[in-house]
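Note: the block below is work-v2.csv and it holds CSV, C-alpha atoms and all ligand atoms.
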```
chain,number,residue,atom,x,y,z
A,987,MET,CA,-17.8,17.5,-3.2
A,988,HIS,CA,-14.0,17.6,-2.9
A,989,LYS,CA,-13.6,14.1,-4.3
A,990,ASN,CA,-12.3,15.1,-7.7
A,991,ILE,CA,-10.1,17.9,-6.6
A,992,LYS,CA,-6.6,16.7,-6.1
A,993,THR,CA,-4.8,18.0,-3.0
A,994,LYS,CA,-1.7,20.1,-4.0
A,995,ALA,CA,1.3,18.8,-2.1
A,996,ILE,CA,4.9,19.7,-1.6
A,997,LEU,CA,7.4,17.0,-0.7
A,998,THR,CA,10.4,17.7,1.5
A,999,GLY,CA,13.1,16.1,3.7
A,1000,PHE,CA,16.8,15.2,3.4
A,1001,ARG,CA,18.0,14.3,-0.1
A,1002,ARG,CA,18.6,10.7,1.0
A,1003,SER,CA,15.9,9.9,3.6
A,1004,ALA,CA,17.4,9.1,6.9
A,1005,GLY,CA,17.9,5.5,7.8
A,1006,SER,CA,16.9,4.3,4.4
A,1007,ALA,CA,18.7,1.3,2.8
A,1008,SER,CA,20.9,2.6,0.1
A,1009,THR,CA,19.1,2.1,-3.2
A,1010,VAL,CA,19.6,3.3,-6.7
A,1011,GLU,CA,16.2,5.0,-7.0
A,1012,ASP,CA,15.7,8.6,-5.9
A,1013,PRO,CA,13.6,8.3,-2.7
A,1014,TYR,CA,11.4,11.2,-3.8
A,1015,VAL,CA,10.3,9.3,-6.8
A,1016,GLU,CA,8.8,6.7,-4.5
A,1017,LEU,CA,7.4,9.4,-2.1
A,1018,GLU,CA,5.7,11.1,-5.1
A,1019,ARG,CA,4.1,7.8,-6.1
A,1020,LEU,CA,2.8,7.2,-2.6
A,1021,ALA,CA,1.4,10.7,-2.6
A,1022,GLY,CA,-0.2,10.1,-5.9
A,1023,THR,CA,-1.8,6.9,-4.6
A,1024,ALA,CA,-3.2,8.9,-1.8
A,1025,GLY,CA,-4.7,11.3,-4.2
A,1026,ALA,CA,-2.2,14.2,-4.0
A,1027,ASP,CA,-0.8,16.2,-6.9
A,1028,VAL,CA,2.9,17.0,-6.2
A,1029,VAL,CA,3.6,20.6,-7.2
A,1030,ASP,CA,7.1,20.9,-5.8
A,1031,VAL,CA,9.9,18.9,-4.2
A,1032,ILE,CA,12.2,20.9,-1.9
A,1033,THR,CA,15.0,18.8,-0.4
A,1034,GLN,CA,17.8,19.6,2.0
A,1035,PRO,CA,21.4,18.3,1.7
A,1036,ASP,CA,21.9,15.6,4.2
A,1037,MET,CA,22.8,16.7,7.8
A,1038,PRO,CA,21.8,15.6,11.3
A,1039,PRO,CA,18.1,16.3,11.9
A,1040,VAL,CA,17.3,19.5,13.7
A,1041,PRO,CA,15.3,19.0,16.9
A,1042,LYS,CA,13.1,22.0,16.3
A,1043,TYR,CA,12.0,21.4,12.7
A,1044,TYR,CA,13.8,18.3,11.5
A,1045,ILE,CA,15.1,20.3,8.6
A,1046,GLY,CA,16.9,23.6,9.0
A,1047,SER,CA,15.0,26.8,9.7
A,1048,GLY,CA,16.1,28.4,6.4
A,1049,LYS,CA,14.6,25.5,4.5
A,1050,VAL,CA,11.4,25.9,6.5
A,1051,GLY,CA,11.2,29.5,5.3
A,1052,GLU,CA,11.7,28.3,1.7
A,1053,ILE,CA,8.8,25.8,2.1
A,1054,ALA,CA,6.6,28.4,3.6
A,1055,GLY,CA,7.2,30.6,0.6
A,1056,ALA,CA,6.6,27.8,-1.8
A,1057,VAL,CA,3.3,27.0,-0.1
A,1058,SER,CA,2.0,30.5,-0.5
A,1059,ASP,CA,3.2,30.7,-4.1
A,1060,SER,CA,1.7,27.4,-5.2
A,1061,GLY,CA,-1.4,27.3,-3.0
A,1062,ALA,CA,-0.3,23.9,-1.7
A,1063,GLU,CA,-2.5,22.6,1.1
A,1064,LEU,CA,-0.2,19.8,2.2
A,1065,VAL,CA,3.5,19.4,3.0
A,1066,ILE,CA,4.7,15.8,3.2
A,1067,PHE,CA,8.0,14.9,4.9
A,1068,ASN,CA,9.9,11.9,3.7
A,1069,ASN,CA,10.6,10.7,7.3
A,1070,GLU,CA,9.0,10.6,10.7
A,1071,LEU,CA,8.4,13.8,12.7
A,1072,THR,CA,8.2,14.2,16.4
A,1073,PRO,CA,5.1,15.8,18.0
A,1074,LEU,CA,7.2,18.9,18.7
A,1075,GLN,CA,8.4,19.2,15.1
A,1076,PHE,CA,4.8,19.0,13.9
A,1077,ARG,CA,3.8,21.8,16.2
A,1078,ASN,CA,6.7,24.0,15.2
A,1079,LEU,CA,6.3,23.4,11.5
A,1080,GLU,CA,2.6,24.1,11.5
A,1081,ARG,CA,3.3,27.4,13.2
A,1082,GLU,CA,5.6,28.4,10.3
A,1083,ILE,CA,3.9,26.8,7.3
A,1084,ASP,CA,0.4,27.7,6.2
A,1085,ALA,CA,-0.5,24.2,5.2
A,1086,ARG,CA,-1.2,20.8,6.8
A,1087,VAL,CA,2.0,19.0,7.6
A,1088,ILE,CA,2.1,15.2,7.5
A,1089,ASP,CA,5.0,12.7,7.5
A,1090,ARG,CA,5.7,9.6,5.6
A,1091,THR,CA,4.1,7.4,8.2
A,1092,GLN,CA,0.8,9.3,8.1
A,1093,LEU,CA,0.8,9.2,4.3
A,1094,ILE,CA,1.3,5.4,4.3
A,1095,LEU,CA,-1.4,5.0,6.9
A,1096,ASP,CA,-3.7,7.0,4.8
A,1097,ILE,CA,-3.2,4.7,1.9
A,1098,PHE,CA,-3.8,1.7,4.1
A,1099,ALA,CA,-7.1,3.3,5.2
A,1100,MET,CA,-8.2,3.5,1.6
A,1101,ARG,CA,-7.2,-0.1,1.0
A,1102,ALA,CA,-8.3,-1.9,4.1
A,1103,GLN,CA,-11.1,-4.3,3.2
A,1104,SER,CA,-11.9,-6.6,6.1
A,1105,SER,CA,-13.3,-5.3,9.4
A,1106,GLU,CA,-10.2,-6.4,11.1
A,1107,GLY,CA,-8.1,-4.5,8.7
A,1108,LYS,CA,-10.1,-1.4,9.1
A,1109,ILE,CA,-9.9,-1.5,12.8
A,1110,GLN,CA,-6.2,-2.1,12.8
A,1111,VAL,CA,-5.6,0.8,10.5
A,1112,GLU,CA,-7.8,3.2,12.5
A,1113,LEU,CA,-6.1,2.1,15.7
A,1114,ALA,CA,-2.7,2.8,14.2
A,1115,GLN,CA,-3.8,6.2,12.9
A,1116,LEU,CA,-5.3,7.3,16.2
A,1117,GLU,CA,-2.3,6.1,18.2
A,1118,TYR,CA,0.0,7.9,15.9
A,1119,LEU,CA,-2.2,11.0,15.9
A,1120,LEU,CA,-2.8,11.3,19.6
A,1121,PRO,CA,0.4,13.0,20.6
A,1122,ARG,CA,0.5,15.0,17.4
A,1123,ILE,CA,-2.9,16.8,17.3
A,1124,THR,CA,-2.4,20.5,16.6
A,1125,GLY,CA,-4.8,23.5,16.4
A,1126,ARG,CA,-4.4,23.3,12.6
A,1127,GLY,CA,-6.4,20.1,12.4
A,1128,VAL,CA,-9.5,21.8,13.8
A,1129,GLU,CA,-9.3,24.6,11.2
A,1130,LEU,CA,-8.8,22.3,8.3
A,1131,SER,CA,-11.6,19.9,9.2
A,1132,ARG,CA,-13.9,22.4,7.6
A,1133,LEU,CA,-12.6,21.3,4.2
A,1134,GLY,CA,-13.9,17.8,4.9
A,1135,GLY,CA,-10.9,15.6,5.4
A,1136,GLY,CA,-8.3,15.0,2.8
A,1137,ILE,CA,-5.0,13.3,2.9
A,1138,GLY,CA,-3.7,12.3,6.4
A,1139,THR,CA,-7.3,12.7,7.7
A,1140,ARG,CA,-8.9,9.7,6.1
A,1141,GLY,CA,-10.0,6.6,7.9
A,1142,PRO,CA,-11.1,7.6,11.4
A,1143,GLY,CA,-13.8,9.9,9.8
A,1144,GLU,CA,-13.9,13.5,8.7
A,1145,THR,CA,-14.8,14.8,12.2
A,1146,LYS,CA,-11.6,13.2,13.6
A,1147,LEU,CA,-9.8,16.4,13.8
A,1148,GLU,CA,-12.4,17.9,16.0
A,1149,VAL,CA,-12.3,15.3,18.7
A,1150,ASP,CA,-10.1,16.0,21.6
A,1151,ARG,CA,-7.5,13.7,23.1
A,1152,ARG,CA,-9.9,12.3,25.6
A,1153,ARG,CA,-12.3,11.1,22.9
A,1154,ILE,CA,-9.5,9.7,20.9
A,1155,ARG,CA,-8.4,7.6,23.9
A,1156,GLN,CA,-12.0,6.4,24.4
A,1157,ARG,CA,-12.2,5.4,20.7
A,1158,ILE,CA,-8.9,3.5,21.0
A,1159,SER,CA,-10.2,1.5,23.9
A,1160,VAL,CA,-13.4,0.7,22.0
A,1161,LEU,CA,-11.4,-0.4,18.9
A,1162,LYS,CA,-9.2,-2.7,21.0
A,1163,LYS,CA,-12.3,-4.5,22.3
A,1164,LYS,CA,-13.8,-4.8,18.9
A,1165,LEU,CA,-10.5,-6.1,17.5
A,1166,ALA,CA,-10.4,-8.9,20.1
A,1167,MET,CA,-14.0,-9.9,19.0
A,1168,VAL,CA,-13.3,-9.7,15.3
A,1169,GLU,CA,-10.2,-11.8,15.7
A,1170,LYS,CA,-12.1,-14.7,17.3
A,1171,ASN,CA,-14.7,-14.5,14.5
A,1172,ARG,CA,-12.0,-14.6,11.8
A,1173,GLN,CA,-10.7,-18.0,12.8
A,1174,VAL,CA,-14.2,-19.4,12.2
A,1175,GLN,CA,-14.6,-17.7,8.8
A,1176,LYS,CA,-11.1,-18.8,7.7
A,1177,GLN,CA,-12.0,-22.4,8.2
A,1178,ARG,CA,-15.1,-21.9,6.2
A,1179,ARG,CA,-13.3,-20.2,3.3
A,1180,LYS,CA,-10.6,-22.9,3.2
A,1181,LYS,CA,-13.4,-25.3,2.4
A,1182,ALA,CA,-14.8,-23.2,-0.4
A,1183,ALA,CA,-13.9,-24.8,-3.8
A,1184,ILE,CA,-12.9,-21.7,-5.7
A,1185,PRO,CA,-9.1,-21.2,-6.0
A,1186,ILE,CA,-7.7,-17.8,-4.9
A,1187,VAL,CA,-4.6,-16.3,-6.5
A,1188,ALA,CA,-3.2,-13.3,-4.6
A,1189,LEU,CA,-1.2,-10.7,-6.5
A,1190,VAL,CA,1.5,-9.5,-4.1
A,1191,GLY,CA,4.6,-7.4,-4.7
A,1192,TYR,CA,6.3,-4.1,-4.2
A,1193,THR,CA,4.4,-0.9,-4.8
A,1194,ASN,CA,4.4,0.1,-8.5
A,1195,ALA,CA,5.3,-3.4,-9.7
A,1196,GLY,CA,2.2,-3.5,-11.9
A,1197,LYS,CA,-0.1,-5.6,-9.8
A,1198,SER,CA,-3.2,-3.5,-10.5
A,1199,THR,CA,-2.4,-3.3,-14.2
A,1200,LEU,CA,-2.1,-7.0,-14.4
A,1201,PHE,CA,-5.3,-7.4,-12.3
A,1202,ASN,CA,-7.1,-5.3,-14.9
A,1203,SER,CA,-5.6,-6.9,-17.9
A,1204,LEU,CA,-6.4,-10.4,-16.7
A,1205,SER,CA,-10.0,-9.6,-15.8
A,1206,ASN,CA,-10.7,-7.6,-18.9
A,1207,GLU,CA,-9.4,-10.3,-21.1
A,1208,SER,CA,-11.8,-12.7,-19.4
A,1209,THR,CA,-15.0,-12.9,-21.5
A,1210,PHE,CA,-16.9,-14.3,-18.6
A,1211,VAL,CA,-19.9,-12.2,-17.6
A,1212,GLU,CA,-20.2,-11.4,-13.9
A,1213,ASP,CA,-23.2,-12.8,-12.2
A,1214,LYS,CA,-25.1,-12.0,-9.0
A,1215,LEU,CA,-23.1,-14.5,-7.0
A,1216,PHE,CA,-20.0,-12.4,-7.3
A,1217,ALA,CA,-21.6,-9.0,-7.2
A,1218,THR,CA,-20.9,-8.7,-3.5
A,1219,LEU,CA,-17.2,-9.5,-3.8
A,1220,ASP,CA,-15.1,-6.7,-2.7
A,1221,PRO,CA,-13.6,-4.5,-5.5
A,1222,LEU,CA,-10.2,-5.9,-5.1
A,1223,THR,CA,-11.2,-9.4,-6.0
A,1224,ARG,CA,-12.3,-10.4,-9.5
A,1225,ARG,CA,-13.1,-13.7,-11.2
A,1226,VAL,CA,-11.0,-14.9,-14.1
A,1227,PHE,CA,-11.7,-18.1,-16.1
A,1228,ILE,CA,-8.8,-20.4,-16.6
A,1229,SER,CA,-9.4,-23.4,-18.8
A,1230,GLY,CA,-8.3,-26.5,-17.0
A,1231,VAL,CA,-9.1,-24.9,-13.7
A,1232,GLY,CA,-12.4,-23.1,-14.0
A,1233,ASN,CA,-13.1,-19.9,-12.2
A,1234,VAL,CA,-10.3,-18.4,-10.2
A,1235,LEU,CA,-10.5,-15.4,-7.9
A,1236,ILE,CA,-7.7,-12.9,-8.5
A,1237,MET,CA,-7.0,-10.7,-5.5
A,1238,ASP,CA,-5.2,-7.4,-5.9
A,1239,THR,CA,-3.3,-6.2,-2.8
A,1240,VAL,CA,-1.7,-3.0,-1.5
A,1241,GLY,CA,1.9,-2.7,-2.5
A,1242,PHE,CA,4.8,-3.3,-0.2
A,1243,ILE,CA,6.9,-0.4,0.8
A,1244,LYS,CA,10.4,-0.4,2.1
A,1245,ASP,CA,11.4,1.2,5.4
A,1246,LEU,CA,7.9,0.6,6.8
A,1247,PRO,CA,7.8,2.2,10.3
A,1248,VAL,CA,7.7,-0.6,12.9
A,1249,LYS,CA,4.7,0.9,14.5
A,1250,ILE,CA,2.5,0.5,11.5
A,1251,VAL,CA,3.7,-3.0,10.4
A,1252,GLU,CA,0.6,-4.6,12.1
A,1253,ALA,CA,-1.7,-2.2,10.3
A,1254,PHE,CA,0.0,-3.0,7.0
A,1255,LYS,CA,-0.2,-6.8,7.6
A,1256,SER,CA,-3.9,-6.5,8.3
A,1257,THR,CA,-4.4,-5.1,4.8
A,1258,LEU,CA,-2.7,-8.2,3.5
A,1259,GLU,CA,-4.2,-10.8,5.8
A,1260,GLY,CA,-6.3,-12.1,2.9
A,1261,ILE,CA,-3.2,-13.6,1.3
A,1262,THR,CA,-2.9,-16.3,3.9
A,1263,ASP,CA,-6.2,-17.7,2.4
A,1264,ALA,CA,-4.7,-17.8,-1.1
A,1265,HIS,CA,-3.9,-21.0,-2.9
A,1266,LEU,CA,-1.2,-19.3,-4.9
A,1267,LEU,CA,0.9,-16.2,-4.5
A,1268,ALA,CA,1.7,-14.4,-7.7
A,1269,HIS,CA,4.7,-12.1,-6.8
A,1270,VAL,CA,4.7,-9.3,-9.3
A,1271,VAL,CA,8.2,-7.7,-9.9
A,1272,ASP,CA,9.1,-4.6,-11.8
A,1273,VAL,CA,12.1,-6.1,-13.5
A,1274,SER,CA,12.9,-2.8,-15.3
A,1275,ASN,CA,13.7,-1.2,-11.9
A,1276,PRO,CA,17.4,-1.5,-11.0
A,1277,ASP,CA,16.3,-1.9,-7.3
A,1278,CYS,CA,14.1,-4.9,-8.0
A,1279,GLU,CA,16.3,-7.5,-6.4
A,1280,VAL,CA,16.2,-5.5,-3.1
A,1281,GLN,CA,12.4,-5.2,-3.5
A,1282,ILE,CA,12.1,-8.9,-4.0
A,1283,GLY,CA,13.9,-9.5,-0.7
A,1284,GLU,CA,11.6,-7.1,1.1
A,1285,VAL,CA,8.5,-8.7,-0.2
A,1286,GLU,CA,9.7,-12.2,0.7
A,1287,LYS,CA,10.5,-11.1,4.2
A,1288,ILE,CA,6.9,-9.9,4.7
A,1289,ILE,CA,5.4,-13.0,3.2
A,1290,ASN,CA,7.4,-15.1,5.6
A,1291,SER,CA,6.4,-13.0,8.6
A,1292,LEU,CA,2.7,-13.4,7.6
A,1293,GLY,CA,3.1,-17.1,7.8
A,1294,ALA,CA,2.4,-17.5,4.1
A,1295,SER,CA,5.7,-18.9,2.9
A,1296,ASP,CA,4.4,-22.4,2.5
A,1297,ILE,CA,1.8,-21.2,-0.1
A,1298,PRO,CA,2.9,-22.1,-3.6
A,1299,SER,CA,4.3,-19.1,-5.4
A,1300,LEU,CA,4.9,-17.8,-8.9
A,1301,MET,CA,7.3,-14.9,-9.7
A,1302,ILE,CA,6.0,-12.6,-12.5
A,1303,LEU,CA,8.8,-10.5,-13.9
A,1304,ASN,CA,6.8,-7.6,-15.3
A,1305,LYS,CA,7.6,-4.5,-17.5
A,1306,THR,CA,9.8,-6.5,-19.8
A,1307,ASP,CA,8.9,-3.9,-22.5
A,1308,ALA,CA,10.8,-1.3,-20.5
A,1309,LEU,CA,14.0,-3.3,-20.0
A,1310,LYS,CA,17.2,-1.7,-21.2
A,1311,SER,CA,19.2,-4.9,-21.0
A,1312,LEU,CA,18.4,-8.5,-20.4
A,1313,GLY,CA,21.1,-9.3,-17.7
A,1314,ARG,CA,18.9,-8.9,-14.7
A,1315,LEU,CA,16.0,-10.8,-16.3
A,1316,ALA,CA,18.3,-13.7,-17.1
A,1317,ARG,CA,19.8,-13.8,-13.7
A,1318,LEU,CA,16.4,-13.9,-11.9
A,1319,LYS,CA,15.1,-16.5,-14.3
A,1320,ARG,CA,18.1,-18.7,-13.3
A,1321,SER,CA,18.0,-18.1,-9.6
A,1322,LYS,CA,14.2,-18.4,-8.9
A,1323,ASN,CA,11.7,-21.2,-9.3
A,1324,ASN,CA,8.5,-20.8,-11.3
A,1325,VAL,CA,9.3,-17.6,-13.1
A,1326,ILE,CA,7.5,-16.0,-16.0
A,1327,ALA,CA,8.3,-12.8,-17.8
A,1328,ILE,CA,5.5,-10.5,-19.1
A,1329,SER,CA,4.4,-7.0,-19.8
A,1330,ALA,CA,1.1,-6.4,-18.1
A,1331,LEU,CA,0.7,-3.2,-20.1
A,1332,LYS,CA,1.7,-4.3,-23.6
A,1333,ASP,CA,0.9,-8.0,-23.8
A,1334,LYS,CA,-2.4,-9.0,-25.4
A,1335,ASP,CA,-2.2,-12.6,-24.6
A,1336,PHE,CA,-1.8,-14.0,-21.1
A,1337,SER,CA,-2.2,-17.7,-21.9
A,1338,GLN,CA,1.3,-18.6,-20.8
A,1339,LEU,CA,0.7,-17.0,-17.5
A,1340,LYS,CA,-2.6,-18.8,-17.1
A,1341,LEU,CA,-1.0,-22.1,-17.9
A,1342,LYS,CA,1.5,-21.5,-15.2
A,1343,ILE,CA,-1.2,-20.7,-12.7
A,1344,GLU,CA,-3.0,-23.8,-13.7
A,1345,ASP,CA,0.1,-25.8,-13.2
A,1346,LEU,CA,0.8,-24.5,-9.7
A,1347,LEU,CA,-2.8,-24.7,-8.3
A,1348,PRO,CA,-3.5,-27.8,-6.3
A,1349,ASP,CA,-5.3,-30.5,-8.3
A,1350,HIS,CA,-8.2,-30.9,-5.9
A,1351,LEU,CA,-9.3,-27.3,-6.8
A,1352,LYS,CA,-9.4,-27.9,-10.6
A,1353,LYS,CA,-12.7,-28.7,-12.2
A,1354,ASP,CA,-12.8,-32.0,-14.0
A,1355,TYR,CA,-13.0,-31.2,-17.8
A,1356,SER,CA,-12.3,-34.7,-19.0
B,1,LIG,P1,1.0,-1.6,-8.4
B,1,LIG,O1,1.4,-0.6,-7.4
B,1,LIG,O2,1.8,-2.8,-8.3
B,1,LIG,O3,-0.5,-1.9,-8.4
B,1,LIG,O4,1.3,-1.0,-9.9
B,1,LIG,P2,0.4,-0.4,-11.0
B,1,LIG,O5,-0.4,-1.5,-11.7
B,1,LIG,O6,-0.4,0.7,-10.4
B,1,LIG,O7,1.4,0.2,-12.0
B,1,LIG,C1,2.4,1.1,-11.7
B,1,LIG,C2,2.9,1.8,-12.9
B,1,LIG,O8,3.6,0.9,-13.7
B,1,LIG,C3,1.7,2.4,-13.8
B,1,LIG,O9,2.2,3.6,-14.3
B,1,LIG,C4,1.6,1.3,-14.9
B,1,LIG,O10,1.1,1.9,-16.1
B,1,LIG,C5,3.0,0.9,-15.1
B,1,LIG,N1,3.1,-0.5,-15.6
B,1,LIG,C6,2.5,-1.6,-15.2
B,1,LIG,N2,2.8,-2.7,-15.9
B,1,LIG,C7,3.6,-2.2,-16.9
B,1,LIG,C8,4.4,-2.9,-17.9
B,1,LIG,O11,4.2,-4.1,-18.2
B,1,LIG,N3,5.2,-2.1,-18.7
B,1,LIG,C9,5.4,-0.8,-18.4
B,1,LIG,N4,6.2,-0.1,-19.2
B,1,LIG,N5,4.7,-0.1,-17.4
B,1,LIG,C10,3.9,-0.8,-16.6
B,2,MG,MG,-2.0,-1.3,-7.1
```

Rewrite the structure of this file - the entire thing - as structure tokens.
Amino acid sequence: MHKNIKTKAILTGFRRSAGSASTVEDPYVELERLAGTAGADVVDVITQPDMPPVPKYYIGSGKVGEIAGAVSDSGAELVIFNNELTPLQFRNLEREIDARVIDRTQLILDIFAMRAQSSEGKIQVELAQLEYLLPRITGRGVELSRLGGGIGTRGPGETKLEVDRRRIRQRISVLKKKLAMVEKNRQVQKQRRKKAAIPIVALVGYTNAGKSTLFNSLSNESTFVEDKLFATLDPLTRRVFISGVGNVLIMDTVGFIKDLPVKIVEAFKSTLEGITDAHLLAHVVDVSNPDCEVQIGEVEKIINSLGASDIPSLMILNKTDALKSLGRLARLKRSKNNVIAISALKDKDFSQLKLKIEDLLPDHLKKDYS
């Protein structure tokens, strides 16, 4: 019933988020994108000049008053902090502000909950959400559960906010047992999938790089009609026909995000575990973003830590239509192997990209067309 109504949200925090690597891009542009991904409509951004965090509210009490006023003016239901809040700060803020307060970690966990596909991923994300939530439950949660969930409440189920701490602890211990079982199972399935003949290309990359756009462009361009066999594939995997290879499964993945809180790295990795089954990693880069070289480094770090660095990879420099100068593009083309430049949005023809994919996939996976 509430599916199509976007949650109105206000973003807040210090102008430069604390602890964040210095980057060119305004941190609130990224936070707004994350909020949008989670289904929120940002109605206001209220930032505070940098200062040491205040123990009581994180931001200063004057700023809290300003936000409380903006909440009643705009009817916002959600206030999102661009940092992590302590349990005490949550409680104090919710006393002053007549809206649900969440922090960046909860927002990101919410996105993971939407994106987790495998049973292991779902359990990992729910575990992370519950462990994060446990010390932070406030009275507000119970009130708002009438609305039927919403951002920051997705994943563990809509009744989550009504359960007390004891029940959350019980759920955590059940999930941990389940996880151990699923992990055993996964090893078996992985062996099975490795033997399957259909090549898998995983689109990886920083959030907003254009992975989903490319995923759609590639699969729309494909004239192949879906058949029953693939009807059960999860929605983030689609089949694309590449001459010289045959059918290839293209997998879209959740975007990488910088300054990922350590506590939720495991949950994040579980949403990406599928990439270790891929035969080729296509690393999509928004080359029009002045921060893109930093982003490439972040993505490569995560790929390494997932144990996927020995999978062949291709770097797709995307959004060439939005480039203001060609310097960065030329530099990346020189310094990286297997690079191709495209515009996932504007290009009509992806045959060069498909040729590259064909080139980089192992021969034993290619159908014999001779
Ligand atoms: P993802 O987070 O990597 O999946 O990125 P999306 O595919 O959701 O794209 C993020 C934004 O970038 C959207 O607004 C797209 O329309 C835009 N975008 C994607 N590809 C291109 C491109 O080639 N050129 C331009 N100008 N914008 C693009
Ligand atoms: Mg996407």

**Prompt:** Which residues form the shell of 10 Å around ligand MG 2 (chain B) when you count all atoms listed in the file, given as an NGL selection string?
**Reply:** :A and (1023 or 1101 or 1189-1201 or 1222 or 1238-1242)

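In terms of minimum interatomic distance to ligand LIG 1 (chain B), A:Leu1020 ranks closest within A:Leu1020, A:Ile1326, A:Met1037, A:Ile1154, counting only C-alpha atoms and all ligand atoms.
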
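Computed from the coordinates, the atom CA of A:Leu1315 to atom CA of A:Ser1337 distance equals 20.3 Å.
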
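Counting from atom CA of A:Ile1032, the distance to atom CA of A:Leu997 is 6.3 Å.
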
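In this comparison, which uses all atoms listed in the file, the residue of A:Val1271, A:Val1029, A:Ile1158, A:Ile1343 approaching ligand LIG 1 (chain B) most closely is A:Val1271.
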
**Request:** State, in Å with one decimal place, the distance from atom CA of A:Leu1064 to atom CA of A:Ala1021.
**Result:** 10.4 Å

**Prompt:** So, counting only C-alpha atoms and all ligand atoms, which residue among A:Gln1338, A:Ser1321, A:Ser1295, A:Ser1274 is closest to ligand LIG 1 (chain B)?
**Reply:** A:Ser1274

**Message:** Using all atoms listed in the file, which protein or nucleic acid residues come within 9 Å of stretch 1043-1045 of chain A? Drop anything in the same chain fewer than 2 positions from it, and give the result as a list in words.
**Reply:** Thr998, Gly999, Phe1000, Gln1034, Met1037, Pro1038, Pro1039, Val1040, Pro1041, Ser1047, Gly1048, Lys1049, Val1050, Leu1071, Thr1072, Leu1074, Gln1075, Phe1076, Arg1077, Asn1078 and Leu1079 of chain A
